[in-house]
Each structure stands twice: as structure tokens, then as C-alpha cells.
$ cat protein02.tsv   # TSV, C-alpha atoms
chain	number	residue	atom	x	y	z
F	1	MET	CA	0.00	0.00	0.00
F	2	PRO	CA	1.60	3.31	-1.02
F	3	ARG	CA	2.03	5.89	1.74
F	4	LEU	CA	1.13	9.47	0.95
F	5	ILE	CA	1.40	12.57	3.09
F	6	LEU	CA	-1.33	15.07	2.22
F	7	GLY	CA	-0.22	18.55	3.24
F	8	VAL	CA	-3.03	21.04	3.65
F	9	THR	CA	-2.35	24.78	3.87
F	10	GLY	CA	-4.51	27.81	4.64
F	11	SER	CA	-6.51	28.35	1.47
F	12	ILE	CA	-10.28	28.42	1.10
F	13	ALA	CA	-9.71	25.36	-1.10
F	14	ALA	CA	-8.65	23.43	2.02
F	15	TYR	CA	-12.13	21.92	2.19
F	16	LYS	CA	-11.29	20.01	-1.00
F	17	ALA	CA	-8.58	18.15	0.92
F	18	ALA	CA	-11.39	16.10	2.47
F	19	ASP	CA	-12.41	14.83	-0.96
F	20	LEU	CA	-8.76	14.19	-1.86
F	21	ALA	CA	-8.16	12.19	1.33
F	22	SER	CA	-11.35	10.20	0.78
F	23	GLN	CA	-10.73	9.40	-2.89
F	24	LEU	CA	-7.09	8.45	-2.38
F	25	THR	CA	-7.97	6.22	0.59
F	26	LYS	CA	-10.67	4.49	-1.48
F	27	ARG	CA	-8.02	3.79	-4.14
F	28	GLY	CA	-5.84	1.91	-1.65
F	29	VAL	CA	-3.45	4.68	-0.65
F	30	SER	CA	-2.50	5.11	3.01
F	31	VAL	CA	-3.06	8.85	3.52
F	32	THR	CA	-1.72	10.78	6.49
F	33	CYS	CA	-2.60	14.45	6.61
F	34	ALA	CA	-0.37	17.24	7.90
F	35	MET	CA	-2.13	20.57	8.38
F	36	THR	CA	-0.81	24.06	8.93
F	37	ALA	CA	-2.42	26.22	11.62
F	38	ASP	CA	-3.95	28.34	8.87
F	39	ALA	CA	-5.51	25.26	7.22
F	40	GLN	CA	-7.29	24.52	10.49
F	41	GLN	CA	-9.19	27.79	10.09
F	42	PHE	CA	-10.91	26.28	7.03
F	43	ILE	CA	-11.28	22.55	7.86
F	44	THR	CA	-10.90	20.51	11.03
F	45	PRO	CA	-8.35	17.80	11.62
F	46	LEU	CA	-11.16	15.47	12.67
F	47	THR	CA	-12.70	15.58	9.19
F	48	LEU	CA	-9.41	14.53	7.60
F	49	GLN	CA	-8.76	11.91	10.28
F	50	VAL	CA	-12.12	10.22	9.67
F	51	LEU	CA	-11.73	10.26	5.87
F	52	SER	CA	-8.08	9.15	5.84
F	53	LYS	CA	-8.46	6.70	8.71
F	54	ASN	CA	-5.17	8.01	10.15
F	55	PRO	CA	-4.22	10.55	12.81
F	56	VAL	CA	-3.64	14.08	11.50
F	57	LEU	CA	-0.43	15.91	12.26
F	58	THR	CA	-1.10	19.52	13.21
F	59	GLY	CA	2.08	20.48	15.02
F	60	LEU	CA	5.74	19.64	15.37
F	61	TYR	CA	5.16	18.36	18.90
F	62	ASP	CA	2.08	16.18	18.30
F	63	GLU	CA	3.89	12.87	18.70
F	64	LYS	CA	3.65	11.66	22.28
F	65	GLU	CA	3.84	7.87	21.88
F	66	SER	CA	7.39	7.49	20.63
F	67	TRP	CA	10.84	8.93	21.14
F	68	ARG	CA	11.07	9.49	17.39
F	69	PRO	CA	9.67	12.81	16.12
F	70	GLY	CA	6.46	12.10	14.19
F	71	HIS	CA	7.29	14.44	11.34
F	72	ILE	CA	10.61	12.68	10.71
F	73	GLN	CA	9.01	9.25	10.78
F	74	LEU	CA	6.37	10.39	8.28
F	75	ALA	CA	9.04	11.98	6.08
F	76	ASP	CA	11.00	8.72	6.07
F	77	GLU	CA	8.01	6.47	5.33
F	78	ALA	CA	6.34	8.60	2.63
F	79	ASP	CA	6.22	7.46	-0.97
F	80	LEU	CA	4.88	10.88	-2.00
F	81	LEU	CA	4.25	14.27	-0.42
F	82	LEU	CA	1.23	15.99	-1.96
F	83	VAL	CA	0.48	19.55	-0.87
F	84	ALA	CA	-3.06	20.46	-1.88
F	85	PRO	CA	-3.96	23.23	-1.60
F	86	ALA	CA	-0.60	24.97	-1.49
F	87	THR	CA	-0.57	28.69	-0.71
F	88	ALA	CA	2.03	31.17	-1.93
F	89	HIS	CA	3.35	31.24	1.64
F	90	ALA	CA	3.85	27.48	1.78
F	91	ILE	CA	5.49	27.42	-1.65
F	92	ALA	CA	7.91	30.13	-0.49
F	93	GLN	CA	8.71	28.19	2.68
F	94	PHE	CA	9.40	25.01	0.69
F	95	ALA	CA	11.65	26.88	-1.76
F	96	LEU	CA	13.59	28.60	1.01
F	97	GLY	CA	13.94	25.46	3.13
F	98	LEU	CA	12.07	26.94	6.09
F	99	ALA	CA	10.50	24.51	8.55
F	100	PRO	CA	8.42	26.36	11.17
F	101	ASP	CA	5.65	23.73	11.32
F	102	ALA	CA	5.07	20.01	10.84
F	103	LEU	CA	4.24	20.20	7.13
F	104	THR	CA	7.29	22.26	6.16
F	105	ALA	CA	9.51	20.09	8.37
F	106	ILE	CA	8.23	16.99	6.56
F	107	ALA	CA	8.87	18.68	3.20
F	108	LEU	CA	12.43	19.51	4.22
F	109	ALA	CA	13.15	16.05	5.66
F	110	THR	CA	11.55	13.74	3.10
F	111	ARG	CA	13.26	12.30	0.06
F	112	ALA	CA	9.88	11.33	-1.42
F	113	PRO	CA	8.69	13.17	-4.52
F	114	LEU	CA	6.99	16.49	-3.83
F	115	VAL	CA	3.80	17.28	-5.78
F	116	ILE	CA	2.26	20.71	-5.27
F	117	ALA	CA	-1.27	21.79	-6.23
F	118	PRO	CA	-1.37	25.59	-5.81
F	119	ALA	CA	-4.46	27.58	-4.87
F	120	MET	CA	-4.31	31.36	-4.48
F	121	ASN	CA	-5.27	34.68	-5.99
F	122	GLY	CA	-4.05	34.97	-9.58
F	123	LYS	CA	-1.95	38.05	-8.83
F	124	MET	CA	-0.19	36.11	-6.08
F	125	TRP	CA	0.41	33.14	-8.41
F	126	LEU	CA	1.80	35.35	-11.18
F	127	HIS	CA	3.98	37.48	-8.87
F	128	PRO	CA	7.68	37.16	-9.76
F	129	ALA	CA	8.49	36.00	-6.22
F	130	THR	CA	6.04	33.09	-6.42
F	131	GLN	CA	7.16	32.21	-9.94
F	132	GLY	CA	10.78	32.27	-8.76
F	133	HIS	CA	9.93	29.86	-5.94
F	134	VAL	CA	8.12	27.60	-8.42
F	135	GLN	CA	11.23	27.57	-10.64
F	136	THR	CA	13.43	26.77	-7.64
F	137	LEU	CA	11.23	23.89	-6.57
F	138	THR	CA	10.87	22.57	-10.12
F	139	SER	CA	14.65	22.61	-10.52
F	140	ARG	CA	14.85	20.43	-7.38
F	141	GLY	CA	12.43	17.89	-8.83
F	142	ALA	CA	9.10	19.06	-7.42
F	143	SER	CA	6.15	18.91	-9.78
F	144	PHE	CA	3.11	21.16	-9.95
F	145	ILE	CA	-0.49	20.28	-10.76
F	146	GLY	CA	-2.18	23.50	-11.84
F	147	PRO	CA	-3.36	25.99	-10.90
F	148	ASP	CA	-6.59	26.02	-12.86
F	149	GLU	CA	-8.43	29.03	-14.26
F	150	GLY	CA	-11.91	30.23	-13.36
F	151	MET	CA	-13.77	32.21	-10.73
F	152	LEU	CA	-11.63	32.67	-7.61
F	153	SER	CA	-12.99	32.98	-4.08
F	154	CYS	CA	-11.72	36.58	-3.95
F	155	GLY	CA	-14.14	37.48	-6.74
F	156	TYR	CA	-11.56	37.70	-9.53
F	157	GLU	CA	-11.66	35.56	-12.63
F	158	GLY	CA	-8.37	34.01	-13.74
F	159	VAL	CA	-5.62	31.60	-12.82
F	160	GLY	CA	-5.24	30.41	-9.23
F	161	ARG	CA	-7.96	27.83	-8.59
F	162	LEU	CA	-7.04	24.46	-7.17
F	163	TRP	CA	-6.86	21.88	-9.97
F	164	PRO	CA	-9.99	19.66	-10.00
F	165	VAL	CA	-9.80	16.98	-7.32
F	166	GLU	CA	-10.28	14.15	-9.84
F	167	GLY	CA	-7.33	15.44	-11.87
F	168	ILE	CA	-5.12	15.62	-8.78
F	169	VAL	CA	-6.12	12.08	-7.77
F	170	ASP	CA	-5.41	10.75	-11.28
F	171	ALA	CA	-2.00	12.45	-11.38
F	172	VAL	CA	-1.07	11.12	-7.94
F	173	MET	CA	-2.17	7.59	-8.79
F	174	ALA	CA	-0.14	7.67	-12.00
F	175	ARG	CA	2.85	8.86	-9.98
F	176	LEU	CA	2.44	6.12	-7.38
F	177	SER	CA	1.94	3.32	-9.91
F	178	PRO	CA	4.99	1.20	-10.63
F	179	ALA	CA	6.42	1.86	-14.08
$ encode --input "protein02.tsv" --output "C-alpha cells"
Amino acid sequence: MPRLILGVTGSIAAYKAADLASQLTKRGVSVTCAMTADAQQFITPLTLQVLSKNPVLTGLYDEKESWRPGHIQLADEADLLLVAPATAHAIAQFALGLAPDALTAIALATRAPLVIAPAMNGKMWLHPATQGHVQTLTSRGASFIGPDEGMLSCGYEGVGRLWPVEGIVDAVMARLSPA
């Protein structure tokens, strides 16, 4: 059974992480979610725990049952790290190697492939700083799914929407399938 870490950041699209966790679990993937504090403003850890059938990591100091830090164990065991939705802030942290929370610490520690599905305002996505971070991460082997175009939660029309959940699931399954 492939092991996937689903990173969820503070975007209005965070509610779609529930569908991602559910669909991936139904396809035989062991999903463990890691949420930023901002993500928890949009969706609860309990929702993701029930749908993934695994505990949800919400902080660097969540692990109480073992001497081994939970974020390092997850980083070591992951076959893939999917961040969906990924905010501009999270993308910048990944590119700069910052690790102030469990999700960014996992991203820094894992050697598993990193797949990022951005979701943000189009101006934020197209900003040279964000595009520079995308280039940095791509040059390190990360791959991006989207963003999509359409009506954004901020009221603008354009690029920045989270890629459709079905498309993310299909891309992840293709990535996890043996060649």
C-alpha cells in the first residue's frame, strides 16, 4: 500500500482536501494528513482523520507515543508528499527550506517526490516571487499540478484555482503506480 502525506495549507480550497483524502484512501493509498495552523481555520483535523483513517499531524510536537519525532518518521516512510492546496506562503517556505511547522519540516526532511497543487489569488500566483519559488522547486524535482483558471474565491476571474480533485487524484495515482 503506497504511503502518501497530504499537506493542507490555509486556502479556502482546504475543504477540497477532504475529498482528496477520501478518494485516495478508497483507491488503496494510506493517507496521512499534515495541516498548517492556517488550514485549520478552514477545515478541522477530525474531518481529515475520519476520511483518511489516520491521525492528523497539526504540530511539530504532536507525537507523544514514541521517542522518534512524528514528522521525521512520516518523512522517512512517505512514498509521495502531496500539498493540496498549497498557498504562496507554503510554496515560499518550501523553496527557502524553512520549517516552522510540521508540514514544512516533513517537506524539508523527506526524500519522497513532492507534488504541489497551488491555490491562491491569480496576482499572487503570477507574482515574480512566487514564480521564482516555483522555478526553484521545479529545478529540485518538485512537480506542480495546476493551478486552474476560473472564478476565484476573492471574486476575480483568472488563474489560481485548485486543480480539480479528480485530476489531482489521477495524477497522484499515476505517480504512485509502478512503471
$ atom_distance --input "protein02.tsv" --atom1 "CA of Leu51 in chain F" --atom2 "CA of Asp19 in chain F"
8.2 Å
$ residues_around --input "protein02.tsv" --residues "range 6-14 of chain F" --least-positions-apart "6" --cutoff "7 Å" --atoms "all atoms listed in the file" --output "count of residues only"
20
$ residues_around --input "protein02.tsv" --residues "Ser153 in chain F" --least-positions-apart "2" --cutoff "10 Å" --atoms "all atoms listed in the file" --output "ChimeraX atom specification"
/F:11-13,120-121,150-151,155-157,160-161
$ atom_distance --input "protein02.tsv" --atom1 "CA of Gly28 in chain F" --atom2 "CA of Ala112 in chain F"
18.3 Å
$ atom_distance --input "protein02.tsv" --atom1 "CA of His89 in chain F" --atom2 "CA of Leu108 in chain F"
15.1 Å
$ residues_around --input "protein02.tsv" --residues "Arg175 in chain F" --least-positions-apart "3" --cutoff "10 Å" --atoms "only C-alpha atoms" --output "list in words"
Asp79, Leu80, Pro113, Val115, Val169, Asp170, Ala171, Val172, Pro178 and Ala179 of chain F
$ residues_near_point --input "protein02.tsv" --point "(-10.7, 16.9, -1.9)" --cutoff "9 Å" --atoms "all atoms listed in the file" --output "list in words"
Ala13, Ala14, Tyr15, Lys16, Ala17, Ala18, Asp19, Leu20, Ala21, Ser22, Gln23, Ala84, Pro164, Val165, Glu166, Ile168 and Val169 of chain F
$ write_last_selection --input "protein02.tsv" --atoms "C-alpha atoms" --output "short mmCIF file (atom, residue, chain, number, x, y, z; two decimals), in the frame of the given file"
data_model
loop_
_atom_site.label_atom_id
_atom_site.label_comp_id
_atom_site.auth_asym_id
_atom_site.auth_seq_id
_atom_site.Cartn_x
_atom_site.Cartn_y
_atom_site.Cartn_z
CA ALA F 13 -9.71 25.36 -1.10
CA ALA F 14 -8.65 23.43 2.02
CA TYR F 15 -12.13 21.92 2.19
CA LYS F 16 -11.29 20.01 -1.00
CA ALA F 17 -8.58 18.15 0.92
CA ALA F 18 -11.39 16.10 2.47
CA ASP F 19 -12.41 14.83 -0.96
CA LEU F 20 -8.76 14.19 -1.86
CA ALA F 21 -8.16 12.19 1.33
CA SER F 22 -11.35 10.20 0.78
CA GLN F 23 -10.73 9.40 -2.89
CA ALA F 84 -3.06 20.46 -1.88
CA PRO F 164 -9.99 19.66 -10.00
CA VAL F 165 -9.80 16.98 -7.32
CA GLU F 166 -10.28 14.15 -9.84
CA ILE F 168 -5.12 15.62 -8.78
CA VAL F 169 -6.12 12.08 -7.77
#
$ residues_around --input "protein02.tsv" --residues "Leu137 in chain F" --least-positions-apart "6" --cutoff "8 Å" --atoms "all atoms listed in the file" --output "NGL selection string"
:F and (94-95 or 143)
$ write_last_selection --input "protein02.tsv" --atoms "C-alpha atoms" --output "CSV table (one decimal), in the frame of the given file"
chain,number,residue,atom,x,y,z
F,94,PHE,CA,9.4,25.0,0.7
F,95,ALA,CA,11.6,26.9,-1.8
F,143,SER,CA,6.2,18.9,-9.8
$ closest_residue --input "protein02.tsv" --among "F:Val29, F:Ala92, F:Ile116, F:Ala105" --to "His133 in chain F" --atoms "all atoms listed in the file"
F:Ala92
$ closest_residue --input "protein02.tsv" --among "F:Gly59, F:Gly146, F:Gly70, F:Gly97" --to "Gln40 in chain F" --atoms "all atoms listed in the file"
F:Gly59
$ closest_residue --input "protein02.tsv" --among "F:Leu114, F:Leu96, F:Leu48, F:Ala78" --to "Phe144 in chain F" --atoms "all atoms listed in the file"
F:Leu114
$ closest_residue --input "protein02.tsv" --among "F:Trp163, F:Ala90, F:Pro128, F:Gly158" --to "Ile145 in chain F" --atoms "all atoms listed in the file"
F:Trp163
$ residues_near_point --input "protein02.tsv" --point "(-4.8, 12.9, 13.3)" --cutoff "8 Å" --atoms "all atoms listed in the file" --output "VMD selection string"
chain F and resid 32 to 33 45 to 46 48 to 49 54 to 58
$ closest_residue --input "protein02.tsv" --among "F:Leu152, F:Ala88, F:Met173, F:Leu60" --to "Ala117 in chain F" --atoms "all atoms listed in the file"
F:Ala88
$ closest_residue --input "protein02.tsv" --among "F:Ala174, F:Ile72, F:Ala37, F:Leu126" --to "Ile106 in chain F" --atoms "all atoms listed in the file"
F:Ile72
$ axis_aligned_box --input "protein02.tsv" --around "range 127-134 of chain F" --padding-each-side "6 Å" --output "lines of an AutoDock Vina configuration file"
center_x = 7.4
center_y = 32.5
center_z = -7.9
size_x = 18.8
size_y = 21.9
size_z = 16.0
